[in-house]
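Have a look at the structure below before the remarks.
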Amino acid sequence: MKAAGLHPREAERLQALADAALLDTPPEAMFDDIVRLASLICDTPIALISLIDRERQWFKARVGLPVAETPREVAFCAHAILEPGMLEVPDSHIDERFADNPLVTGEPRVRFYAGVPLAPGGGLPLGTLCAIDSKPRKLTLTQVEAMQALARQVEANIELRKAIRRTAALNDELQRSARALHDSEAKTQALLAANPDGMIRVARDGTVLDRKVGRDRAILPAGEQMIGARVEDCLPPRLARLFMHHLERALSSDAVSSFEYADTSGGAHCDKELRIVASGDDEALALVRDVTERKLGERAKDEFVATVSHELRTPLTSIRGSLSLLEHGVVGELPAEAHELVEIARSNTERLLLVINDILDLEKLSSGKLELVLRPLEPARLLDSAVQAIRGMAAAAGVEVGVVECAGGPVLADEGRMIQVLNNLLSNAIKFSPRGARVEVHAGPIGAGRVRFCVIDHGRGISSEHHGRLFERFKQVDASDSRERGGTGLGLAIVKSIVEEHGGAVGLDSAPGRGSTFWFELRCAESERP
Amino acid sequence: MSDPAEIRKVLLVDDEPDIRRIGQLSLQRVGRWEVVLAASGAEALMVAERERPDVILLDVMMPVADGPTTLSRLRSNPDTAAIPVIFMTAKVLQHEVVRLLELGAAGVIPKPFDPMTLPAEVRRVLASAEAQ
């Protein structure tokens with residue numbers, strides 16, 4: 001007996017067989033009918049659809065044979081799949097490949113075999129459609145053609161099953177995507193519903209694409225007819241201009257562009273905040289929120305702070321004035337101890353007034369009420385003015401203050417506020433310098449269009465863990481500092497607020513025992529020019 | 001008359017009694033001037049007419065008739081129209097100061113004032129008003 005060799009592309013062939021997903025599946029009427037037809041047409045007792053697996057042939061459909069599979073080495077079909085067309089063995093007894101084959105010498109005593117390879121889609125052969133008889137014979141041309149036609153039906157069917165499986169997989173995938181999309185849409189809708197803001201989707205040219213009414217029904221100026229209309233036609237002219245300006249800004253950056261405006265369209269006065277964010281290349285979402293209550297709260301807080309500080313300042317002013325008259329002997333000379341007590345009372349009054357003034361400054365800064373008068377300022381002149389103003393304090397502390405270096409073009413800043421910033425930094429530096437030490441200031445260009453101002457002391461320095469907190473309100477490294485050194489604990493917070501109001505940044509380089517360098521950066525006046 | 005060297009009598013108008021007392025001590029003891037006081041705009045008009053002070057220090061924020069109202073009433077009375085008036089105010093924002101000067105004041109002294117330097121401030125303001 002001569003066993004069949006392997007197919008030249010056996011590994012691929014086995015993969016194609018696995019992909020067909022036919023092996024070890026239950027019988028199917030369609031394939032059963034085909035083998036019955038093959039058996040009838042060829043007039044043979046046995047007909048099979050045999051699939052050639054790695055070690056076996058397995059019958060997807062069979063008539064006249066009681067077994068479901070046989071070893072591959074004895075399979076006629078293993079030979080047939082190597083042939084380009086049909087393999088016909090008219091008499092196995094005189095064919096040296098099969099004469100001593102156990103399927104020939106034993107049951108089912110194969111004498112005649114005709115097998116057409118099954119290669120679905122013109123690909124690799126997976127098995128055969130075959131007819132078997134125990135008598136020698138030869139198929140007529142008609143029978144051969146019929147077998148080939150039936151084999152094509154089997155191939156077409158295998159292809160069709162594959163297509164159906166692919167479609168089902170695609171369908172599953174589609175359904176999963178649809179479910180995911182639906183979930184995502186539901187989440188978005190939930191988010192939108194939970195968001196109290198009114199919302200409109202608007203194109204770059206200001207056309208309203210979509211809208212959602214907010215919790216405050218009257219939040220958008222017009223009704224449903226807004227959709228498709230232009231913003232210019234729906235909003236008052238000034239508001240429309242603001243809207244278009246911020247729309248352009250939002251579309252040309254990733255940032256949210258927002259503004260506040262007063263809305264009287266509903267009859268009553270409302271404060272509203274409008275935020276615009278790009279939601280595509282040429283469209284944006286505009287969210288409108290009623291901030292009337294927040295504004296009322298802010299105004300109430302401002303009034304409260306102003307009232308409290310006025311109520312504190314008025315009596316303090318009287319106390320300070322009285323103490324000053326007493327201290328200077330205007331109403332008669334005081335005994336030495338009384339003089340000392342008056343001096344204590346007066347210096348503490350000064351401190352309280354400083355705190356109140358600082359709180360008022362911070363309040364103005366945080367509520368955006370600080371009006372900056374920005375103009376180009378020469379760093380050298382700023383530093384000189386600041387150093388000049390602090391001379392008295394420096395002399396009293398026995399500390400020398402000097403400008404060591406000054407370069408960089410004019411900065412765009414408010415002169416009074418910059419003197420305040422430098423004064424706060426310089427007075428800190430002096431307070432924390434030992435007698436006889438030197439405090440240095442310098443300014444120089446850094447990066448593109450910015451100038452960095454530094455105030456350097458040779459005091460005890462600050463460990464890095466405290467750096468972040470220093471610029472917060474009422475934060476000093478050591479709580480005893482404010483008593484020992486004076487100061488309100490608000491100076492650096494004010495520095496930070498003023499510098500940030502200028503669009504600048506503040507920072508600190510310091511380590512224990514190495515002194516401290518407090519710095520801030522401002523934009524150059526030139527960098528403002530287009 | 002507004003020659004600072006010839007000041008003899010000052011009218012101080014403020015609704016806060018403590019401020020009046022401190023100002024009075026400052027102007028009397030440090031400035032060596034005679035001081036007359038008024039607690040309201042209405043009282044100021046009467047005292048000014050009666051006492052004919054050389055200068056009036058006028059608080060801006062007062063109930064009923066505030067500083068600017070009182071100034072215009074002083075100006076409309078021929079007996080008090082020529083007396084220089086210096087406003088005293090805690091609002092020292094530049095545009096506020098400009099507004100007060102436009103009303104015809106000789107100058108503005110910020111509050112809170114230092115009683116030891118208040119008389120010198122009054123002289124300085126009058127001198128600079130005279131110079132213009």
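Labels used: A, B, ... for chains in the order of the structure tokens, numbers from 1 for residues in each chain, and numbers from 1 for ligands as shown.
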Neighbours of His458 (chain A) within 12 Å (only C-alpha atoms; same-chain residues fewer than 4 positions away dropped), as a ChimeraX atom specification? /A:399-401,428-440,462,510-518
Can you work out which residues from chain B touch chain A at a cut-off of 8 Å (counting only C-alpha atoms) and hand them back as a PyMOL selection string? chain B and resi 18-19+22+25-26+29-30+112-116
Met88 (chain B): which residues within 10 Å, counting only C-alpha atoms, same-chain residues fewer than 3 positions away excluded, as a list in words?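 Everything that qualifies: Leu12, Val13, Asp14, Leu57, Leu58, Asp59, Val60, Met61, Gly67, Val85, Lys91, Val92, Gly107, Val108, Ile109, Pro110, Lys111, Pro112 and Phe113 of chain B.
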What lies within 9 Å of region 156-168 of chain A using only C-alpha atoms, ignoring chain neighbours under 4 positions off, as a PyMOL selection string? chain A and resi 19-22+30-31+120-121+151-152+172-173
So which bits of region 321-416 of chain A end up strand (DSSP E) when you DSSP the backbone, as a list in words?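 Matching residues for strand (DSSP E) in region 321-416 of chain A are Arg375, Pro376, Leu377, Glu400, Val401, Gly402, Val403, Val404, Glu405, Cys406, Val411, Leu412 and Ala413 of chain A.
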Calculated over only C-alpha atoms, which of the candidates A:Ala75, A:Asp384, A:Phe453, A:Leu370 has the smallest distance to Glu501 (chain A)?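 Checking each of A:Ala75, A:Asp384, A:Phe453, A:Leu370 against Glu501 (chain A), counting only C-alpha atoms, the winner is A:Leu370.
Using only C-alpha atoms for every distance, the candidate list B:Ala106, B:Ala65, B:Ile56, B:Val47 yields B:Ala65 as the residue closest to Asp15 (chain B).
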Could you tell me, as number ranges by chain, which residues of region 300-525 of chain A DSSP assigns to helix (DSSP H, G or I) when given the backbone? A: 300-327, 336-366, 379-397, 415-431, 464-470, 481-485, 491-501
At a cut-off of 10 Å, using only C-alpha atoms, what residues contact Leu27 (chain B)? Leave out same-chain residues fewer than 4 positions from it and give the result as JSON, numbers by chain. {"B": [9, 10, 11, 12, 21, 22, 23, 31, 32, 33, 34, 35, 115, 116, 117, 118, 119, 120, 122]}
Contacts of region 251-265 of chain A at 9 Å or less, counting only C-alpha atoms, minus same-chain residues fewer than 4 places along, as an NGL selection string? :A and (204 or 218-219 or 221 or 239 or 242-243 or 246-247 or 269-284 or 291-292)
Identify, on the basis of only C-alpha atoms, every residue whose closest approach to region 48-64 of chain A does not exceed 10 Å; exclude the query and any residue fewer than 3 positions from it along the same chain; express the result as a ChimeraX atom specification. /A:6,10-11,13-14,17-18,22-39,44-45,67-78,81,108,115-118,125-133,151,154
